[in-house]
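**Q** As input, take input-v3.tsv (TSV, N, CA and C atoms):
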```
chain	number	residue	atom	x	y	z
A	1	MET	N	4.89	-3.67	-22.73
A	1	MET	CA	5.20	-2.42	-23.36
A	1	MET	C	3.92	-1.62	-23.57
A	2	LEU	N	3.97	-0.34	-23.27
A	2	LEU	CA	2.83	0.53	-23.46
A	2	LEU	C	2.60	0.79	-24.95
A	3	GLU	N	1.32	0.77	-25.33
A	3	GLU	CA	0.94	1.05	-26.71
A	3	GLU	C	-0.20	2.06	-26.70
A	4	LEU	N	-0.27	2.88	-27.71
A	4	LEU	CA	-1.44	3.72	-27.96
A	4	LEU	C	-2.18	3.08	-29.12
A	5	VAL	N	-3.43	2.65	-28.87
A	5	VAL	CA	-4.20	1.97	-29.90
A	5	VAL	C	-5.52	2.71	-30.10
A	6	THR	N	-6.02	2.67	-31.33
A	6	THR	CA	-7.33	3.25	-31.58
A	6	THR	C	-8.37	2.36	-30.92
A	7	PRO	N	-9.47	2.95	-30.44
A	7	PRO	CA	-10.51	2.15	-29.79
A	7	PRO	C	-10.95	0.99	-30.68
A	8	THR	N	-11.10	-0.17	-30.06
A	8	THR	CA	-11.45	-1.37	-30.79
A	8	THR	C	-12.34	-2.29	-29.96
A	9	GLU	N	-13.26	-2.95	-30.63
A	9	GLU	CA	-14.15	-3.89	-29.94
A	9	GLU	C	-13.38	-5.08	-29.36
A	10	SER	N	-12.22	-5.38	-29.91
A	10	SER	CA	-11.46	-6.54	-29.41
A	10	SER	C	-10.96	-6.33	-27.97
A	11	LEU	N	-10.95	-5.09	-27.50
A	11	LEU	CA	-10.53	-4.80	-26.12
A	11	LEU	C	-11.73	-4.48	-25.22
A	12	ARG	N	-12.91	-4.93	-25.63
A	12	ARG	CA	-14.14	-4.63	-24.88
A	12	ARG	C	-14.03	-5.01	-23.41
A	13	ASP	N	-13.66	-6.25	-23.11
A	13	ASP	CA	-13.60	-6.69	-21.72
A	13	ASP	C	-12.54	-5.94	-20.93
A	14	ALA	N	-11.40	-5.68	-21.54
A	14	ALA	CA	-10.33	-4.93	-20.88
A	14	ALA	C	-10.77	-3.48	-20.64
A	15	TRP	N	-11.47	-2.89	-21.60
A	15	TRP	CA	-11.96	-1.53	-21.42
A	15	TRP	C	-13.00	-1.48	-20.31
A	16	ARG	N	-13.88	-2.45	-20.28
A	16	ARG	CA	-14.91	-2.48	-19.22
A	16	ARG	C	-14.30	-2.64	-17.83
A	17	ALA	N	-13.21	-3.38	-17.72
A	17	ALA	CA	-12.53	-3.50	-16.42
A	17	ALA	C	-12.02	-2.14	-15.96
A	18	ALA	N	-11.44	-1.38	-16.89
A	18	ALA	CA	-10.97	-0.03	-16.56
A	18	ALA	C	-12.15	0.88	-16.23
A	19	HIS	N	-13.20	0.80	-17.03
A	19	HIS	CA	-14.40	1.61	-16.84
A	19	HIS	C	-15.02	1.37	-15.47
A	20	ALA	N	-15.02	0.14	-15.00
A	20	ALA	CA	-15.61	-0.20	-13.71
A	20	ALA	C	-14.88	0.49	-12.56
A	21	GLU	N	-13.60	0.74	-12.71
A	21	GLU	CA	-12.85	1.39	-11.64
A	21	GLU	C	-13.26	2.85	-11.45
A	22	TRP	N	-13.73	3.51	-12.49
A	22	TRP	CA	-14.15	4.90	-12.36
A	22	TRP	C	-15.51	5.00	-11.67
A	23	GLY	N	-16.31	3.95	-11.74
A	23	GLY	CA	-17.65	4.01	-11.17
A	23	GLY	C	-18.60	4.71	-12.14
A	24	PRO	N	-19.86	4.88	-11.73
A	24	PRO	CA	-20.86	5.46	-12.63
A	24	PRO	C	-20.56	6.91	-12.96
A	25	GLY	N	-21.00	7.32	-14.14
A	25	GLY	CA	-20.82	8.71	-14.56
A	25	GLY	C	-19.98	8.83	-15.81
A	26	LEU	N	-19.76	10.06	-16.23
A	26	LEU	CA	-19.08	10.34	-17.49
A	26	LEU	C	-17.75	11.03	-17.26
A	27	HIS	N	-17.03	10.66	-16.24
A	27	HIS	CA	-15.83	11.38	-15.85
A	27	HIS	C	-14.53	10.70	-16.24
A	28	GLU	N	-14.57	9.80	-17.17
A	28	GLU	CA	-13.35	9.14	-17.63
A	28	GLU	C	-12.67	9.97	-18.70
A	29	ASP	N	-11.79	10.82	-18.29
A	29	ASP	CA	-11.10	11.69	-19.24
A	29	ASP	C	-10.36	10.87	-20.29
A	30	GLY	N	-10.47	11.31	-21.53
A	30	GLY	CA	-9.74	10.68	-22.62
A	30	GLY	C	-10.49	9.57	-23.34
A	31	PHE	N	-11.72	9.25	-22.91
A	31	PHE	CA	-12.45	8.16	-23.56
A	31	PHE	C	-13.58	8.63	-24.46
A	32	GLY	N	-14.01	9.87	-24.36
A	32	GLY	CA	-15.05	10.39	-25.25
A	32	GLY	C	-16.43	9.82	-25.01
A	33	ILE	N	-16.75	9.48	-23.78
A	33	ILE	CA	-18.07	8.95	-23.47
A	33	ILE	C	-19.06	10.11	-23.37
A	34	GLY	N	-20.18	9.97	-24.09
A	34	GLY	CA	-21.23	10.97	-24.03
A	34	GLY	C	-22.40	10.49	-23.18
A	35	ALA	N	-23.28	11.41	-22.83
A	35	ALA	CA	-24.41	11.09	-21.95
A	35	ALA	C	-25.33	10.02	-22.55
A	36	ASP	N	-25.40	9.92	-23.86
A	36	ASP	CA	-26.30	8.96	-24.51
A	36	ASP	C	-25.61	7.65	-24.91
A	37	ASP	N	-24.32	7.51	-24.60
A	37	ASP	CA	-23.60	6.30	-24.99
A	37	ASP	C	-23.90	5.16	-24.03
A	38	ASP	N	-24.22	4.00	-24.61
A	38	ASP	CA	-24.48	2.78	-23.85
A	38	ASP	C	-23.26	1.87	-24.00
A	39	VAL	N	-22.40	1.88	-23.02
A	39	VAL	CA	-21.18	1.07	-23.10
A	39	VAL	C	-21.31	-0.24	-22.32
A	40	ASP	N	-22.48	-0.46	-21.69
A	40	ASP	CA	-22.66	-1.64	-20.85
A	40	ASP	C	-23.21	-2.85	-21.59
A	41	THR	N	-23.82	-2.63	-22.76
A	41	THR	CA	-24.29	-3.76	-23.55
A	41	THR	C	-23.35	-3.95	-24.73
A	42	ASP	N	-23.29	-5.16	-25.24
A	42	ASP	CA	-22.40	-5.41	-26.39
A	42	ASP	C	-22.78	-4.58	-27.61
A	43	PRO	N	-24.09	-4.54	-27.99
A	43	PRO	CA	-24.44	-3.69	-29.15
A	43	PRO	C	-24.14	-2.21	-28.89
A	44	GLY	N	-24.40	-1.75	-27.68
A	44	GLY	CA	-24.13	-0.35	-27.34
A	44	GLY	C	-22.65	-0.04	-27.38
A	45	PHE	N	-21.84	-0.96	-26.87
A	45	PHE	CA	-20.39	-0.77	-26.89
A	45	PHE	C	-19.89	-0.70	-28.34
A	46	SER	N	-20.38	-1.61	-29.17
A	46	SER	CA	-19.98	-1.62	-30.58
A	46	SER	C	-20.35	-0.31	-31.26
A	47	ALA	N	-21.56	0.19	-30.99
A	47	ALA	CA	-22.00	1.45	-31.59
A	47	ALA	C	-21.13	2.61	-31.09
A	48	TRP	N	-20.79	2.61	-29.81
A	48	TRP	CA	-19.96	3.68	-29.24
A	48	TRP	C	-18.58	3.68	-29.89
A	49	VAL	N	-17.94	2.50	-29.99
A	49	VAL	CA	-16.62	2.43	-30.60
A	49	VAL	C	-16.68	2.93	-32.05
A	50	ALA	N	-17.72	2.54	-32.78
A	50	ALA	CA	-17.86	2.99	-34.17
A	50	ALA	C	-18.02	4.51	-34.23
A	51	SER	N	-18.74	5.08	-33.28
A	51	SER	CA	-18.95	6.53	-33.28
A	51	SER	C	-17.66	7.30	-32.99
A	52	LEU	N	-16.75	6.69	-32.26
A	52	LEU	CA	-15.48	7.35	-31.93
A	52	LEU	C	-14.63	7.58	-33.17
A	53	ARG	N	-14.81	6.75	-34.17
A	53	ARG	CA	-14.02	6.88	-35.40
A	53	ARG	C	-14.51	8.00	-36.30
A	54	GLY	N	-15.69	8.54	-36.00
A	54	GLY	CA	-16.25	9.56	-36.86
A	54	GLY	C	-16.24	10.96	-36.26
A	55	GLY	N	-15.54	11.14	-35.15
A	55	GLY	CA	-15.54	12.43	-34.47
A	55	GLY	C	-14.57	13.43	-35.08
A	56	SER	N	-14.58	14.62	-34.52
A	56	SER	CA	-13.69	15.68	-35.00
A	56	SER	C	-12.44	15.75	-34.13
A	57	GLY	N	-11.69	14.69	-34.12
A	57	GLY	CA	-10.47	14.60	-33.34
A	57	GLY	C	-9.97	13.17	-33.37
A	58	GLU	N	-9.09	12.84	-32.46
A	58	GLU	CA	-8.52	11.49	-32.39
A	58	GLU	C	-8.61	10.98	-30.97
A	59	LEU	N	-8.87	9.69	-30.83
A	59	LEU	CA	-8.90	9.04	-29.53
A	59	LEU	C	-8.01	7.80	-29.57
A	60	TRP	N	-7.31	7.56	-28.47
A	60	TRP	CA	-6.49	6.36	-28.34
A	60	TRP	C	-6.66	5.80	-26.95
A	61	TRP	N	-6.48	4.51	-26.83
A	61	TRP	CA	-6.45	3.86	-25.52
A	61	TRP	C	-4.99	3.54	-25.21
A	62	ILE	N	-4.65	3.71	-23.94
A	62	ILE	CA	-3.32	3.35	-23.45
A	62	ILE	C	-3.42	1.90	-22.99
A	63	VAL	N	-2.67	1.02	-23.64
A	63	VAL	CA	-2.80	-0.43	-23.40
A	63	VAL	C	-1.43	-1.02	-23.08
A	64	GLU	N	-1.42	-1.94	-22.11
A	64	GLU	CA	-0.20	-2.68	-21.81
A	64	GLU	C	-0.59	-4.13	-21.54
A	65	ASP	N	0.02	-5.04	-22.28
A	65	ASP	CA	-0.24	-6.47	-22.13
A	65	ASP	C	-1.73	-6.79	-22.17
A	66	GLY	N	-2.46	-6.14	-23.08
A	66	GLY	CA	-3.89	-6.41	-23.25
A	66	GLY	C	-4.78	-5.74	-22.23
A	67	GLU	N	-4.22	-4.94	-21.34
A	67	GLU	CA	-4.99	-4.25	-20.31
A	67	GLU	C	-5.11	-2.77	-20.67
A	68	VAL	N	-6.33	-2.25	-20.65
A	68	VAL	CA	-6.55	-0.84	-20.92
A	68	VAL	C	-6.24	-0.06	-19.65
A	69	LEU	N	-5.24	0.80	-19.73
A	69	LEU	CA	-4.82	1.58	-18.57
A	69	LEU	C	-5.39	2.99	-18.58
A	70	GLY	N	-5.80	3.48	-19.74
A	70	GLY	CA	-6.34	4.84	-19.81
A	70	GLY	C	-6.68	5.22	-21.24
A	71	GLY	N	-6.97	6.50	-21.43
A	71	GLY	CA	-7.33	6.99	-22.74
A	71	GLY	C	-6.79	8.38	-22.98
A	72	ILE	N	-6.68	8.75	-24.24
A	72	ILE	CA	-6.21	10.06	-24.65
A	72	ILE	C	-7.16	10.60	-25.72
A	73	ALA	N	-7.55	11.85	-25.57
A	73	ALA	CA	-8.38	12.53	-26.57
A	73	ALA	C	-7.61	13.73	-27.10
A	74	LEU	N	-7.51	13.83	-28.40
A	74	LEU	CA	-6.93	15.00	-29.05
A	74	LEU	C	-8.06	15.62	-29.87
A	75	ARG	N	-8.56	16.75	-29.40
A	75	ARG	CA	-9.72	17.38	-30.02
A	75	ARG	C	-9.29	18.41	-31.06
A	76	ALA	N	-9.93	18.36	-32.20
A	76	ALA	CA	-9.64	19.30	-33.29
A	76	ALA	C	-10.15	20.69	-32.93
A	77	ALA	N	-9.61	21.68	-33.58
A	77	ALA	CA	-9.99	23.07	-33.31
A	77	ALA	C	-11.48	23.30	-33.48
A	78	GLU	N	-12.09	22.62	-34.44
A	78	GLU	CA	-13.53	22.81	-34.69
A	78	GLU	C	-14.42	22.00	-33.77
A	79	ASP	N	-13.85	21.17	-32.90
A	79	ASP	CA	-14.63	20.36	-31.96
A	79	ASP	C	-15.18	21.27	-30.87
A	80	PRO	N	-16.51	21.32	-30.70
A	80	PRO	CA	-17.08	22.21	-29.69
A	80	PRO	C	-16.63	21.88	-28.26
A	81	ARG	N	-16.22	20.66	-28.02
A	81	ARG	CA	-15.75	20.28	-26.67
A	81	ARG	C	-14.38	20.88	-26.36
A	82	ALA	N	-13.63	21.29	-27.38
A	82	ALA	CA	-12.29	21.85	-27.14
A	82	ALA	C	-12.37	23.15	-26.34
A	83	GLU	N	-13.40	23.94	-26.57
A	83	GLU	CA	-13.57	25.20	-25.83
A	83	GLU	C	-13.72	24.93	-24.33
A	84	ARG	N	-14.50	23.92	-23.99
A	84	ARG	CA	-14.78	23.63	-22.58
A	84	ARG	C	-13.73	22.74	-21.93
A	85	HIS	N	-13.28	21.72	-22.65
A	85	HIS	CA	-12.40	20.71	-22.06
A	85	HIS	C	-10.94	20.83	-22.49
A	86	GLY	N	-10.65	21.69	-23.45
A	86	GLY	CA	-9.30	21.80	-23.97
A	86	GLY	C	-9.09	20.85	-25.15
A	87	HIS	N	-7.95	20.98	-25.78
A	87	HIS	CA	-7.66	20.17	-26.97
A	87	HIS	C	-7.11	18.80	-26.64
A	88	VAL	N	-6.50	18.65	-25.48
A	88	VAL	CA	-5.94	17.36	-25.09
A	88	VAL	C	-6.49	16.96	-23.73
A	89	GLY	N	-7.01	15.74	-23.67
A	89	GLY	CA	-7.48	15.20	-22.40
A	89	GLY	C	-6.99	13.78	-22.27
A	90	TYR	N	-6.69	13.38	-21.05
A	90	TYR	CA	-6.30	11.99	-20.85
A	90	TYR	C	-6.61	11.58	-19.43
A	91	GLY	N	-6.77	10.30	-19.24
A	91	GLY	CA	-7.03	9.75	-17.92
A	91	GLY	C	-6.38	8.39	-17.78
A	92	ILE	N	-5.94	8.09	-16.57
A	92	ILE	CA	-5.36	6.80	-16.23
A	92	ILE	C	-6.28	6.15	-15.21
A	93	ARG	N	-6.59	4.88	-15.39
A	93	ARG	CA	-7.53	4.22	-14.50
A	93	ARG	C	-7.09	4.33	-13.05
A	94	PRO	N	-8.04	4.52	-12.14
A	94	PRO	CA	-7.71	4.82	-10.75
A	94	PRO	C	-6.95	3.73	-10.00
A	95	LEU	N	-7.32	2.48	-10.16
A	95	LEU	CA	-6.73	1.43	-9.34
A	95	LEU	C	-5.77	0.50	-10.07
A	96	GLY	N	-5.74	0.60	-11.37
A	96	GLY	CA	-4.90	-0.30	-12.16
A	96	GLY	C	-3.42	-0.04	-11.94
A	97	PRO	N	-2.58	-0.89	-12.49
A	97	PRO	CA	-1.15	-0.70	-12.38
A	97	PRO	C	-0.76	0.67	-12.90
A	98	ARG	N	-0.02	1.42	-12.14
A	98	ARG	CA	0.29	2.79	-12.53
A	98	ARG	C	1.75	2.95	-12.89
A	99	ALA	N	2.62	2.85	-11.94
A	99	ALA	CA	4.07	2.91	-12.18
A	99	ALA	C	4.46	4.04	-13.12
A	100	GLY	N	3.92	5.23	-12.88
A	100	GLY	CA	4.30	6.37	-13.70
A	100	GLY	C	3.63	6.42	-15.06
A	101	ARG	N	2.52	5.73	-15.24
A	101	ARG	CA	1.86	5.69	-16.55
A	101	ARG	C	1.25	7.02	-16.95
A	102	GLY	N	1.03	7.93	-15.99
A	102	GLY	CA	0.39	9.20	-16.30
A	102	GLY	C	1.16	10.06	-17.28
A	103	HIS	N	2.46	9.83	-17.44
A	103	HIS	CA	3.25	10.63	-18.39
A	103	HIS	C	2.93	10.29	-19.83
A	104	VAL	N	2.31	9.15	-20.07
A	104	VAL	CA	2.05	8.72	-21.45
A	104	VAL	C	1.13	9.69	-22.17
A	105	GLY	N	0.10	10.19	-21.48
A	105	GLY	CA	-0.83	11.12	-22.12
A	105	GLY	C	-0.14	12.34	-22.67
A	106	PRO	N	0.49	13.14	-21.81
A	106	PRO	CA	1.10	14.36	-22.33
A	106	PRO	C	2.36	14.13	-23.16
A	107	SER	N	3.10	13.09	-22.87
A	107	SER	CA	4.38	12.92	-23.58
A	107	SER	C	4.24	12.24	-24.93
A	108	ARG	N	3.20	11.40	-25.10
A	108	ARG	CA	3.08	10.66	-26.36
A	108	ARG	C	1.77	10.92	-27.07
A	109	GLY	N	0.94	11.79	-26.53
A	109	GLY	CA	-0.38	12.03	-27.12
A	109	GLY	C	-0.36	12.49	-28.55
A	110	GLY	N	0.70	13.17	-28.98
A	110	GLY	CA	0.76	13.65	-30.35
A	110	GLY	C	1.40	12.69	-31.31
A	111	GLU	N	2.03	11.63	-30.82
A	111	GLU	CA	2.74	10.69	-31.69
A	111	GLU	C	1.90	10.10	-32.80
A	112	PRO	N	0.70	9.57	-32.47
A	112	PRO	CA	-0.04	8.89	-33.53
A	112	PRO	C	-0.82	9.81	-34.45
A	113	CYS	N	-0.58	11.10	-34.41
A	113	CYS	CA	-1.36	12.04	-35.22
A	113	CYS	C	-1.21	11.77	-36.71
A	114	GLY	N	-0.13	11.15	-37.10
A	114	GLY	CA	0.05	10.83	-38.51
A	114	GLY	C	-0.01	12.06	-39.37
A	115	ALA	N	-1.00	12.12	-40.25
A	115	ALA	CA	-1.11	13.24	-41.18
A	115	ALA	C	-1.64	14.50	-40.51
A	116	SER	N	-2.18	14.37	-39.31
A	116	SER	CA	-2.68	15.56	-38.61
A	116	SER	C	-1.51	16.48	-38.30
A	117	ASP	N	-1.80	17.73	-38.20
A	117	ASP	CA	-0.77	18.72	-37.89
A	117	ASP	C	-0.85	19.07	-36.42
A	118	PRO	N	0.04	18.53	-35.57
A	118	PRO	CA	-0.04	18.80	-34.13
A	118	PRO	C	0.14	20.27	-33.80
A	119	ARG	N	0.67	21.07	-34.72
A	119	ARG	CA	0.81	22.50	-34.46
A	119	ARG	C	-0.54	23.19	-34.37
A	120	ARG	N	-1.59	22.52	-34.87
A	120	ARG	CA	-2.93	23.11	-34.83
A	120	ARG	C	-3.55	23.03	-33.44
A	121	VAL	N	-2.93	22.30	-32.53
A	121	VAL	CA	-3.44	22.21	-31.17
A	121	VAL	C	-3.09	23.51	-30.46
A	122	SER	N	-4.12	24.27	-30.10
A	122	SER	CA	-3.86	25.56	-29.45
A	122	SER	C	-3.76	25.38	-27.95
A	123	ARG	N	-3.14	26.34	-27.31
A	123	ARG	CA	-2.95	26.28	-25.86
A	123	ARG	C	-4.03	27.06	-25.16
```
Show me, as structure tokens, the structure contained in the file I just sent.

**A**
Amino acid sequence: MLELVTPTESLRDAWRAAHAEWGPGLHEDGFGIGADDDVDTDPGFSAWVASLRGGSGELWWIVEDGEVLGGIALRAAEDPRAERHGHVGYGIRPLGPRAGRGHVGPSRGGEPCGASDPRRVSR
């Protein structure tokens, strides 16, 4: 069953398997990787995951049976990246099991907003 989970160190190896499919660079939509983030070392990965919890928006990983299939970013109006990248971004790993998984980003991206007001997401 597909789940949307907040980024967690417990999925480090599963996330790295997904990350490896994209190859080098910062083009994994929905994961919030910055140019200075070190996701290849354990301490760097831990620091990156911790930094994701303090941003001006929400991030989730798309997970099925312990495998990270992709990520979703919901950027707040005050997030400077929203102007360039939009308020919602998502990506599905290139080679992993797909079977129509791409619909999860747009169709369920607002579900875990909880107390956030999804009406604040501008078009």

**Q** Closest to A:Ala76 among A:Glu58, A:Glu3, A:Glu28, A:Glu21, using all atoms listed in the file?

**A**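 That would be A:Glu58, the residue with the smallest distance to A:Ala76.
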
**Q** Compare A:Pro94, A:Val5, A:Leu52, A:His87 by their minimum atom-to-atom distance to A:Phe31, counting all atoms listed in the file, and give me the closest one.

**A** A:Leu52

**Q** Tell me, in Å to one decimal, how far atom N of A:Arg93 is from atom N of A:Glu78.

**A** 26.6 Å

**Q** Tell me which protein, DNA and RNA residues are within 8 Å of A:Trp60, counting only C-alpha atoms, leaving out same-chain ones fewer than 3 positions away, and put them as a PDB file with N, CA and C atoms, in the frame of the given file.

**A**
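Contents of selection03.pdb, freshly written:
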```
ATOM      1  N   LEU A   4      -0.270   2.880 -27.710  1.00  0.00           N
ATOM      2  CA  LEU A   4      -1.440   3.720 -27.960  1.00  0.00           C
ATOM      3  C   LEU A   4      -2.180   3.080 -29.120  1.00  0.00           C
ATOM      4  N   VAL A   5      -3.430   2.650 -28.870  1.00  0.00           N
ATOM      5  CA  VAL A   5      -4.200   1.970 -29.900  1.00  0.00           C
ATOM      6  C   VAL A   5      -5.520   2.710 -30.100  1.00  0.00           C
ATOM      7  N   THR A   6      -6.020   2.670 -31.330  1.00  0.00           N
ATOM      8  CA  THR A   6      -7.330   3.250 -31.580  1.00  0.00           C
ATOM      9  C   THR A   6      -8.370   2.360 -30.920  1.00  0.00           C
ATOM     10  N   PRO A   7      -9.470   2.950 -30.440  1.00  0.00           N
ATOM     11  CA  PRO A   7     -10.510   2.150 -29.790  1.00  0.00           C
ATOM     12  C   PRO A   7     -10.950   0.990 -30.680  1.00  0.00           C
ATOM     13  N   GLY A  30     -10.470  11.310 -21.530  1.00  0.00           N
ATOM     14  CA  GLY A  30      -9.740  10.680 -22.620  1.00  0.00           C
ATOM     15  C   GLY A  30     -10.490   9.570 -23.340  1.00  0.00           C
ATOM     16  N   PHE A  31     -11.720   9.250 -22.910  1.00  0.00           N
ATOM     17  CA  PHE A  31     -12.450   8.160 -23.560  1.00  0.00           C
ATOM     18  C   PHE A  31     -13.580   8.630 -24.460  1.00  0.00           C
ATOM     19  N   GLY A  71      -6.970   6.500 -21.430  1.00  0.00           N
ATOM     20  CA  GLY A  71      -7.330   6.990 -22.740  1.00  0.00           C
ATOM     21  C   GLY A  71      -6.790   8.380 -22.980  1.00  0.00           C
ATOM     22  N   ILE A  72      -6.680   8.750 -24.240  1.00  0.00           N
ATOM     23  CA  ILE A  72      -6.210  10.060 -24.650  1.00  0.00           C
ATOM     24  C   ILE A  72      -7.160  10.600 -25.720  1.00  0.00           C
ATOM     25  N   ALA A  73      -7.550  11.850 -25.570  1.00  0.00           N
ATOM     26  CA  ALA A  73      -8.380  12.530 -26.570  1.00  0.00           C
ATOM     27  C   ALA A  73      -7.610  13.730 -27.100  1.00  0.00           C
TER      28      ALA A  73
END
```

**Q** Can you tell me which residues surround stretch 16-18 of chain A at a distance of at most 9 Å, considering only C-alpha atoms, apart from same-chain residues fewer than 6 positions away, and format the answer as number ranges by chain?

**A** A: 39-40, 67-70, 92-96

**Q** What does the file look like for those residues with N, CA and C atoms, as a PDB file, in the frame of the given file?

**A**
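Printed below is selection19.pdb as written:
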```pdb
ATOM      1  N   VAL A  39     -22.400   1.880 -23.020  1.00  0.00           N
ATOM      2  CA  VAL A  39     -21.180   1.070 -23.100  1.00  0.00           C
ATOM      3  C   VAL A  39     -21.310  -0.240 -22.320  1.00  0.00           C
ATOM      4  N   ASP A  40     -22.480  -0.460 -21.690  1.00  0.00           N
ATOM      5  CA  ASP A  40     -22.660  -1.640 -20.850  1.00  0.00           C
ATOM      6  C   ASP A  40     -23.210  -2.850 -21.590  1.00  0.00           C
ATOM      7  N   GLU A  67      -4.220  -4.940 -21.340  1.00  0.00           N
ATOM      8  CA  GLU A  67      -4.990  -4.250 -20.310  1.00  0.00           C
ATOM      9  C   GLU A  67      -5.110  -2.770 -20.670  1.00  0.00           C
ATOM     10  N   VAL A  68      -6.330  -2.250 -20.650  1.00  0.00           N
ATOM     11  CA  VAL A  68      -6.550  -0.840 -20.920  1.00  0.00           C
ATOM     12  C   VAL A  68      -6.240  -0.060 -19.650  1.00  0.00           C
ATOM     13  N   LEU A  69      -5.240   0.800 -19.730  1.00  0.00           N
ATOM     14  CA  LEU A  69      -4.820   1.580 -18.570  1.00  0.00           C
ATOM     15  C   LEU A  69      -5.390   2.990 -18.580  1.00  0.00           C
ATOM     16  N   GLY A  70      -5.800   3.480 -19.740  1.00  0.00           N
ATOM     17  CA  GLY A  70      -6.340   4.840 -19.810  1.00  0.00           C
ATOM     18  C   GLY A  70      -6.680   5.220 -21.240  1.00  0.00           C
ATOM     19  N   ILE A  92      -5.940   8.090 -16.570  1.00  0.00           N
ATOM     20  CA  ILE A  92      -5.360   6.800 -16.230  1.00  0.00           C
ATOM     21  C   ILE A  92      -6.280   6.150 -15.210  1.00  0.00           C
ATOM     22  N   ARG A  93      -6.590   4.880 -15.390  1.00  0.00           N
ATOM     23  CA  ARG A  93      -7.530   4.220 -14.500  1.00  0.00           C
ATOM     24  C   ARG A  93      -7.090   4.330 -13.050  1.00  0.00           C
ATOM     25  N   PRO A  94      -8.040   4.520 -12.140  1.00  0.00           N
ATOM     26  CA  PRO A  94      -7.710   4.820 -10.750  1.00  0.00           C
ATOM     27  C   PRO A  94      -6.950   3.730 -10.000  1.00  0.00           C
ATOM     28  N   LEU A  95      -7.320   2.480 -10.160  1.00  0.00           N
ATOM     29  CA  LEU A  95      -6.730   1.430  -9.340  1.00  0.00           C
ATOM     30  C   LEU A  95      -5.770   0.500 -10.070  1.00  0.00           C
ATOM     31  N   GLY A  96      -5.740   0.600 -11.370  1.00  0.00           N
ATOM     32  CA  GLY A  96      -4.900  -0.300 -12.160  1.00  0.00           C
ATOM     33  C   GLY A  96      -3.420  -0.040 -11.940  1.00  0.00           C
TER      34      GLY A  96
END
```

**Q** Please return, as a ChimeraX atom specification, all polymer residues that have at least one atom within 12 Å of the point (-13.3, 21.8, -30.1); use only C-alpha atoms and the file's own coordinate frame.

**A** /A:55-58,73-89,120-122

**Q** Just the number, please: distance in Å from atom CA of A:Leu2 to atom CA of A:Glu64, one decimal.

**A** 4.7 Å

**Q** Which residue out of A:Gly44, A:Gly54, A:Gly32, A:Gly66 has the minimum interatomic distance to A:Gly91 when only C-alpha atoms are used?

**A**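 Smallest distance to A:Gly91 is found for A:Gly32.
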
**Q** What is the distance, in Å and to one decimal place, between atom N of A:Leu59 and atom CA of A:Glu9?

**A** 14.6 Å

**Q** Nearest residue to A:Val49 out of A:Leu11, A:Met1, A:Ala35, A:Ala20, using only C-alpha atoms?

**A**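 Answer, going by the shortest atom-to-atom distance: A:Leu11.
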
**Q** Point out the residue among A:Asp13, A:Trp48, A:Gly23, A:Tyr90 with the least atom-to-atom distance to A:Ile62, counting only C-alpha atoms.

**A**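 For A:Ile62, the nearest of the given residues is A:Tyr90.
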
**Q** Determine which residues of stretch 3-70 of chain A DSSP labels as helix (DSSP H, G or I) from the backbone of this structure, then write them out as a PyMOL selection string.

**A** chain A and resi 9-22+42-52
